[in-house]
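**Student:** There's a structure below that I have some questions on.
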Amino acid sequence: DMEDFKIIAHRVPRIIGWNVKDYRSADGKLIFQEMANVANAAGSGWITYDYLRSGEQKARLKTTYFLKVPGKNVIVGAGYYE
C-alpha cells in the first residue's frame with residue numbers, strides 16, 4: 001500500500017500489516033520509498049539492493065521487479081537473490 005506503506009500481502013503472514021516506509025536495506029536504501037517513487041512516475045521498475053534474510057549472517061544481493069496496480073495505490077513485486 002503506497003499511501004500507508006503497509007504490507008498487505010506477503011508469503012510470510014507475520015509481516016502483513018507492517019509499516020515499511022522507513023525500512024532500509026542492508027546497504028541503506030529506503031527501498032519501499034524508492035519503489036513508490038518509481039511506480040508513481042513510470043508505473044513499474046527494478047531495484048537491486050543488499051538484503052539480510054532472517055537467520056543468515058551475510059546480506060545477499062536481491063533484485064525485485066515491481067509495478068503499480070492500475071487504478072489502485074498498491075505496488076506488487078517479486079524478487080530473486082543472486
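Identifiers for the C-alpha cells are assigned positionally: chains receive A, B, ... in sequence, residues are indexed from 1 per chain, and ligands are indexed from 1 in the order shown.
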With a distance cut-off of 10 Å and only C-alpha atoms, select the neighbouring residues of Arg60 (chain A), excluding the residue or stretch itself and same-chain residues fewer than 2 positions from it, and output the selection as a PDB file with N, CA and C atoms, in the first residue's frame.

**Tutor:**
ATOM      1  N   ALA A  26      20.074  -3.602   3.746  1.00  0.00           N
ATOM      2  CA  ALA A  26      21.376  -3.726   4.397  1.00  0.00           C
ATOM      3  C   ALA A  26      22.383  -2.702   3.869  1.00  0.00           C
ATOM      4  N   TYR A  49      19.303  -4.353  -4.344  1.00  0.00           N
ATOM      5  CA  TYR A  49      19.740  -3.933  -3.018  1.00  0.00           C
ATOM      6  C   TYR A  49      20.271  -5.132  -2.249  1.00  0.00           C
ATOM      7  N   ASP A  50      21.017  -4.853  -1.184  1.00  0.00           N
ATOM      8  CA  ASP A  50      21.506  -5.912  -0.308  1.00  0.00           C
ATOM      9  C   ASP A  50      20.444  -6.194   0.740  1.00  0.00           C
ATOM     10  N   TYR A  51      20.141  -7.472   0.932  1.00  0.00           N
ATOM     11  CA  TYR A  51      19.094  -7.856   1.871  1.00  0.00           C
ATOM     12  C   TYR A  51      19.618  -8.935   2.809  1.00  0.00           C
ATOM     13  N   LEU A  52      19.446  -8.700   4.096  1.00  0.00           N
ATOM     14  CA  LEU A  52      19.852  -9.683   5.102  1.00  0.00           C
ATOM     15  C   LEU A  52      18.631 -10.503   5.490  1.00  0.00           C
ATOM     16  N   ARG A  53      18.609 -11.748   5.034  1.00  0.00           N
ATOM     17  CA  ARG A  53      17.497 -12.636   5.346  1.00  0.00           C
ATOM     18  C   ARG A  53      17.583 -13.111   6.781  1.00  0.00           C
ATOM     19  N   GLU A  56      20.345 -15.508   8.498  1.00  0.00           N
ATOM     20  CA  GLU A  56      21.598 -15.517   7.750  1.00  0.00           C
ATOM     21  C   GLU A  56      22.560 -14.496   8.337  1.00  0.00           C
ATOM     22  N   GLN A  57      23.843 -14.725   8.162  1.00  0.00           N
ATOM     23  CA  GLN A  57      24.876 -13.860   8.727  1.00  0.00           C
ATOM     24  C   GLN A  57      25.338 -12.767   7.762  1.00  0.00           C
ATOM     25  N   LYS A  58      25.124 -12.989   6.459  1.00  0.00           N
ATOM     26  CA  LYS A  58      25.636 -12.070   5.455  1.00  0.00           C
ATOM     27  C   LYS A  58      24.515 -11.652   4.508  1.00  0.00           C
ATOM     28  N   LYS A  62      19.735  -8.748  -3.833  1.00  0.00           N
ATOM     29  CA  LYS A  62      18.383  -9.102  -4.247  1.00  0.00           C
ATOM     30  C   LYS A  62      17.930  -8.124  -5.326  1.00  0.00           C
ATOM     31  N   THR A  63      17.268  -8.632  -6.343  1.00  0.00           N
ATOM     32  CA  THR A  63      16.702  -7.817  -7.402  1.00  0.00           C
ATOM     33  C   THR A  63      15.199  -8.029  -7.395  1.00  0.00           C
ATOM     34  N   TYR A  81      17.190 -13.680  -5.415  1.00  0.00           N
ATOM     35  CA  TYR A  81      18.516 -13.478  -4.847  1.00  0.00           C
ATOM     36  C   TYR A  81      19.572 -13.950  -5.826  1.00  0.00           C
ATOM     37  N   GLU A  82      20.691 -13.235  -5.847  1.00  0.00           N
ATOM     38  CA  GLU A  82      21.831 -13.643  -6.685  1.00  0.00           C
ATOM     39  C   GLU A  82      22.480 -14.864  -6.083  1.00  0.00           C
TER      40      GLU A  82
END

**Student:** DSSP on the backbone: what in chain A comes out strand (DSSP E or B), as a PyMOL selection string?

**Tutor:** chain A and resi 6+19+44-51+60-68+75-81

**Student:** Any chance you could list, as a list in words, the residues in chain A that come up helix (DSSP H, G or I) when DSSP is run on the backbone?

**Tutor:** Pro13, Arg14, Ile15, Ile31, Phe32, Gln33, Glu34, Met35, Ala36, Asn37, Val38, Ala39, Asn40, Ala41 and Ala42 of chain A

**Student:** For the residues in that selection, give me N, CA, C and O atoms as a PDB file, in the first residue's frame.

**Tutor:**
ATOM      1  N   PRO A  13       3.153 -14.559   6.538  1.00  0.00           N
ATOM      2  CA  PRO A  13       1.974 -13.898   7.099  1.00  0.00           C
ATOM      3  C   PRO A  13       2.255 -12.960   8.275  1.00  0.00           C
ATOM      4  O   PRO A  13       1.566 -11.963   8.432  1.00  0.00           O
ATOM      5  N   ARG A  14       3.271 -13.220   9.080  1.00  0.00           N
ATOM      6  CA  ARG A  14       3.504 -12.395  10.264  1.00  0.00           C
ATOM      7  C   ARG A  14       3.908 -10.959   9.934  1.00  0.00           C
ATOM      8  O   ARG A  14       3.810 -10.085  10.788  1.00  0.00           O
ATOM      9  N   ILE A  15       4.354 -10.674   8.697  1.00  0.00           N
ATOM     10  CA  ILE A  15       4.742  -9.299   8.382  1.00  0.00           C
ATOM     11  C   ILE A  15       3.621  -8.483   7.741  1.00  0.00           C
ATOM     12  O   ILE A  15       3.781  -7.284   7.519  1.00  0.00           O
ATOM     13  N   ILE A  31      14.100   1.209   0.325  1.00  0.00           N
ATOM     14  CA  ILE A  31      13.638   0.506  -0.870  1.00  0.00           C
ATOM     15  C   ILE A  31      12.151   0.702  -1.165  1.00  0.00           C
ATOM     16  O   ILE A  31      11.773   0.824  -2.324  1.00  0.00           O
ATOM     17  N   PHE A  32      11.318   0.760  -0.165  1.00  0.00           N
ATOM     18  CA  PHE A  32       9.887   0.898  -0.422  1.00  0.00           C
ATOM     19  C   PHE A  32       9.543   2.311  -0.873  1.00  0.00           C
ATOM     20  O   PHE A  32       8.669   2.501  -1.728  1.00  0.00           O
ATOM     21  N   GLN A  33      10.238   3.306  -0.345  1.00  0.00           N
ATOM     22  CA  GLN A  33      10.032   4.668  -0.818  1.00  0.00           C
ATOM     23  C   GLN A  33      10.522   4.812  -2.257  1.00  0.00           C
ATOM     24  O   GLN A  33       9.873   5.462  -3.081  1.00  0.00           O
ATOM     25  N   GLU A  34      11.656   4.179  -2.559  1.00  0.00           N
ATOM     26  CA  GLU A  34      12.178   4.222  -3.925  1.00  0.00           C
ATOM     27  C   GLU A  34      11.215   3.530  -4.893  1.00  0.00           C
ATOM     28  O   GLU A  34      10.942   4.040  -5.977  1.00  0.00           O
ATOM     29  N   MET A  35      10.680   2.387  -4.491  1.00  0.00           N
ATOM     30  CA  MET A  35       9.704   1.691  -5.341  1.00  0.00           C
ATOM     31  C   MET A  35       8.480   2.567  -5.599  1.00  0.00           C
ATOM     32  O   MET A  35       8.002   2.652  -6.731  1.00  0.00           O
ATOM     33  N   ALA A  36       7.967   3.209  -4.554  1.00  0.00           N
ATOM     34  CA  ALA A  36       6.784   4.060  -4.698  1.00  0.00           C
ATOM     35  C   ALA A  36       7.074   5.230  -5.633  1.00  0.00           C
ATOM     36  O   ALA A  36       6.240   5.552  -6.496  1.00  0.00           O
ATOM     37  N   ASN A  37       8.234   5.857  -5.502  1.00  0.00           N
ATOM     38  CA  ASN A  37       8.579   6.978  -6.374  1.00  0.00           C
ATOM     39  C   ASN A  37       8.650   6.551  -7.835  1.00  0.00           C
ATOM     40  O   ASN A  37       8.110   7.224  -8.713  1.00  0.00           O
ATOM     41  N   VAL A  38       9.310   5.434  -8.099  1.00  0.00           N
ATOM     42  CA  VAL A  38       9.431   4.939  -9.471  1.00  0.00           C
ATOM     43  C   VAL A  38       8.075   4.496 -10.008  1.00  0.00           C
ATOM     44  O   VAL A  38       7.702   4.806 -11.146  1.00  0.00           O
ATOM     45  N   ALA A  39       7.305   3.781  -9.191  1.00  0.00           N
ATOM     46  CA  ALA A  39       5.989   3.296  -9.634  1.00  0.00           C
ATOM     47  C   ALA A  39       5.059   4.458  -9.958  1.00  0.00           C
ATOM     48  O   ALA A  39       4.307   4.398 -10.940  1.00  0.00           O
ATOM     49  N   ASN A  40       5.098   5.514  -9.158  1.00  0.00           N
ATOM     50  CA  ASN A  40       4.252   6.676  -9.441  1.00  0.00           C
ATOM     51  C   ASN A  40       4.680   7.398 -10.703  1.00  0.00           C
ATOM     52  O   ASN A  40       3.844   7.930 -11.431  1.00  0.00           O
ATOM     53  N   ALA A  41       5.979   7.417 -10.990  1.00  0.00           N
ATOM     54  CA  ALA A  41       6.492   8.122 -12.165  1.00  0.00           C
ATOM     55  C   ALA A  41       6.413   7.293 -13.444  1.00  0.00           C
ATOM     56  O   ALA A  41       6.045   7.806 -14.499  1.00  0.00           O
ATOM     57  N   ALA A  42       6.752   6.003 -13.337  1.00  0.00           N
ATOM     58  CA  ALA A  42       6.884   5.175 -14.540  1.00  0.00           C
ATOM     59  C   ALA A  42       5.922   3.992 -14.594  1.00  0.00           C
ATOM     60  O   ALA A  42       5.834   3.322 -15.616  1.00  0.00           O
TER      61      ALA A  42
END

**Student:** What is the CA of Val74 (chain A) to CA of Gly55 (chain A) distance in Å?

**Tutor:** 29.1 Å

**Student:** Quick one: residues within 7 Å of region 4-8 of chain A, only C-alpha atoms, excluding same-chain residues fewer than 3 positions away - as a PyMOL selection string?

**Tutor:** chain A and resi 1+15-21

**Student:** Would you mind reading off the distance between CA of Val69 (chain A) and CA of Gly45 (chain A), one decimal, in Å?

**Tutor:**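 Between these atoms lies a distance of 12.6 Å.
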
**Student:** By how many Å are CA of His10 (chain A) and CA of Gly71 (chain A) apart?

**Tutor:**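 Spanning CA of His10 (chain A) to CA of Gly71 (chain A) is a straight-line distance of 20.8 Å.
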
**Student:** Got a sec: who's within 8 Å of Ala78 (chain A), counting only C-alpha atoms, leaving out chain neighbours fewer than 6 positions off, as a VMD selection string?

**Tutor:** chain A and resid 64 to 66

**Student:** Pick the closest to Ile47 (chain A) from A:Ala9, A:Leu30, A:Pro70, A:Ala59: which is it, counting only C-alpha atoms?

**Tutor:** A:Leu30
